$ cat target-v7.txt   # compact mmCIF, C-alpha atoms
# COMPACT_ATOMS: atom_id res chain seq x y z
CA MET A 1 -16.46 -2.47 -5.23
CA ASN A 2 -15.40 0.34 -7.49
CA GLU A 3 -12.57 -0.19 -9.88
CA VAL A 4 -9.13 0.69 -8.56
CA ARG A 5 -7.58 3.62 -10.42
CA VAL A 6 -4.08 5.10 -10.42
CA THR A 7 -3.01 8.74 -10.66
CA LYS A 8 -0.15 9.78 -12.94
CA HIS A 9 2.06 10.19 -9.87
CA GLY A 10 0.99 6.78 -8.56
CA ARG A 11 1.82 5.17 -11.90
CA SER A 12 5.27 6.73 -11.80
CA ARG A 13 5.85 5.51 -8.20
CA VAL A 14 4.85 1.96 -9.17
CA LYS A 15 7.46 2.09 -11.93
CA ASP A 16 10.16 3.59 -9.67
CA ARG A 17 9.58 1.67 -6.44
CA VAL A 18 7.97 -1.61 -7.46
CA GLY A 19 9.87 -2.00 -10.72
CA LEU A 20 6.88 -2.63 -12.97
CA ARG A 21 6.24 -0.78 -16.19
CA LYS A 22 3.57 1.89 -15.98
CA GLY A 23 1.08 -0.21 -17.95
CA LEU A 24 0.91 -2.72 -15.09
CA ALA A 25 0.24 -0.09 -12.40
CA GLU A 26 -3.53 -0.67 -12.29
CA LYS A 27 -3.14 -4.42 -11.89
CA GLU A 28 -0.55 -4.02 -9.10
CA ALA A 29 -2.68 -1.37 -7.37
CA GLU A 30 -5.69 -3.69 -7.47
CA ARG A 31 -3.65 -6.57 -6.00
CA ALA A 32 -2.39 -4.31 -3.20
CA PHE A 33 -5.87 -2.93 -2.55
CA LEU A 34 -7.50 -6.37 -2.34
CA HIS A 35 -4.75 -8.41 -0.68
CA GLY A 36 -2.61 -5.89 1.22
CA LEU A 37 -2.70 -5.40 4.96
CA LYS A 38 -5.18 -2.77 6.10
CA HIS A 39 -4.25 -0.37 8.86
CA GLY A 40 -6.31 -2.32 11.40
CA GLU A 41 -4.54 -5.57 10.48
CA THR A 42 -1.12 -4.21 11.39
CA LYS A 43 0.42 -4.13 14.86
CA GLY A 44 3.38 -2.84 16.82
CA ASN A 45 5.78 -0.50 15.09
CA LEU A 46 4.16 -1.22 11.72
CA PHE A 47 0.86 0.08 13.10
CA LYS A 48 2.62 3.20 14.41
CA ASN A 49 4.30 3.78 11.04
CA ILE A 50 1.02 3.53 9.11
CA THR A 51 -0.73 5.76 11.65
CA SER A 52 2.00 8.35 11.18
CA LEU A 53 1.58 8.25 7.40
CA TYR A 54 -2.15 8.73 7.76
CA PHE A 55 -1.73 11.82 9.93
CA LYS A 56 0.88 13.31 7.57
CA ASN A 57 -1.52 13.09 4.64
CA ARG A 58 -5.15 12.94 5.70
CA THR A 59 -6.43 12.75 2.12
CA ALA A 60 -4.88 9.27 2.12
CA ASN A 61 -7.77 7.49 3.78
CA ASN A 62 -6.90 3.98 2.63
CA ILE A 63 -3.38 2.65 3.19
CA ARG A 64 -2.26 -0.88 2.38
CA VAL A 65 1.00 -2.74 3.08
CA PHE A 66 1.81 -5.22 0.31
CA HIS A 67 5.08 -7.01 -0.44
CA GLY A 68 7.29 -4.60 1.48
CA LYS A 69 5.71 -1.44 0.06
CA VAL A 70 3.13 0.99 1.38
CA TYR A 71 0.37 1.78 -1.10
CA VAL A 72 -1.36 5.07 -0.36
CA PHE A 73 -4.92 5.33 -1.66
CA ARG A 74 -7.55 8.04 -1.52
CA ASP A 75 -10.70 5.90 -1.51
CA ASN A 76 -9.96 3.56 -4.45
CA VAL A 77 -7.38 5.76 -6.22
CA LEU A 78 -3.66 4.98 -5.78
CA ILE A 79 -1.79 8.21 -5.22
CA ALA A 80 1.63 7.00 -4.05
CA VAL A 81 3.81 4.00 -3.29
CA LEU A 82 6.38 4.26 -0.51
CA ASN A 83 9.12 1.92 0.60
CA LEU A 84 8.46 0.28 3.93
CA PRO A 85 11.31 0.95 6.39
CA GLY A 86 13.67 -2.04 6.45
CA ASN A 87 13.10 -2.78 10.12
CA LEU A 88 9.37 -3.34 9.45
CA ILE A 89 9.56 -5.64 6.43
CA ARG A 90 9.89 -8.87 8.42
CA LEU A 91 6.85 -8.01 10.56
CA ALA A 92 4.82 -7.04 7.49
CA ASP A 93 5.75 -10.29 5.73
CA LYS A 94 4.73 -12.30 8.81
CA LEU A 95 1.36 -10.52 9.04
CA GLU A 96 0.72 -10.93 5.31
CA LYS A 97 1.44 -14.65 5.59
CA GLU A 98 -0.94 -14.95 8.55
CA LYS A 99 -3.63 -13.09 6.62
CA LYS A 100 -3.32 -15.58 3.73
CA GLY A 101 -3.80 -18.38 6.23
CA GLY A 102 -0.34 -19.86 6.00

$ encode --input "target-v7.txt" --output "structure tokens"
Amino acid sequence: MNEVRVTKHGRSRVKDRVGLRKGLAEKEAERAFLHGLKHGETKGNLFKNITSLYFKNRTANNIRVFHGKVYVFRDNVLIAVLNLPGNLIRLADKLEKEKKGG
């Protein structure tokens, strides 16, 4: 797999929305890329939300849900981090836990 990279905008969004300093953006992006929920692993309203994001920005061909945030990638490059709507966080947490096997 290619190394995960982060755009300047993506680095800024990690700082603003995740609360990590910009120097940790690559590490967080890699964790989200490797361990986050892929579009096909989501269901219900979470699936609909991710589908909607994809159609709003078709250059974002790789979207992951990780720890209550939506990481928007173009291939292996993080371009944005969005907050997951509050009503979807519980479902996302449940699916992430199932993916881990617990």

$ axis_aligned_box --input "target-v7.txt" --around "range 82-89 of chain A" --padding-each-side "4 Å" --output "JSON"
{"center_x": 10.0, "center_y": -0.7, "center_z": 4.8, "size_x": 15.3, "size_y": 17.9, "size_z": 18.6}

$ residues_near_point --input "target-v7.txt" --point "(-1.3, 6.1, 2.8)" --cutoff "7 Å" --atoms "only C-alpha atoms" --output "MDAnalysis selection string"
chainID A and resid 53:54 60:63 70:73

$ closest_residue --input "target-v7.txt" --among "A:Lys48, A:Arg31, A:Lys100, A:His39" --to "Phe66 in chain A" --atoms "all atoms listed in the file"
A:Arg31

$ closest_residue --input "target-v7.txt" --among "A:Ala32, A:Val4, A:Leu37, A:Ala80" --to "Arg17 in chain A" --atoms "all atoms listed in the file"
A:Ala80

$ residues_around --input "target-v7.txt" --residues "range 42-46 of chain A" --least-positions-apart "5" --cutoff "8 Å" --atoms "only C-alpha atoms" --output "PyMOL selection string"
chain A and resi 37+88+91-92+95

$ closest_residue --input "target-v7.txt" --among "A:Leu82, A:Val65, A:Val6, A:Val77" --to "Gly23 in chain A" --atoms "only C-alpha atoms"
A:Val6

$ atom_distance --input "target-v7.txt" --atom1 "CA of Glu26 in chain A" --atom2 "CA of Thr51 in chain A"
24.9 Å

$ atom_distance --input "target-v7.txt" --atom1 "CA of Val18 in chain A" --atom2 "CA of Val81 in chain A"
8.1 Å

$ closest_residue --input "target-v7.txt" --among "A:Arg21, A:Arg74, A:His67, A:Lys56" --to "Arg5 in chain A" --atoms "all atoms listed in the file"
A:Arg74

$ closest_residue --input "target-v7.txt" --among "A:Lys69, A:Lys94, A:Arg11, A:Arg64" --to "Gly40 in chain A" --atoms "all atoms listed in the file"
A:Arg64

$ atom_distance --input "target-v7.txt" --atom1 "CA of Lys38 in chain A" --atom2 "CA of Glu3 in chain A"
17.8 Å
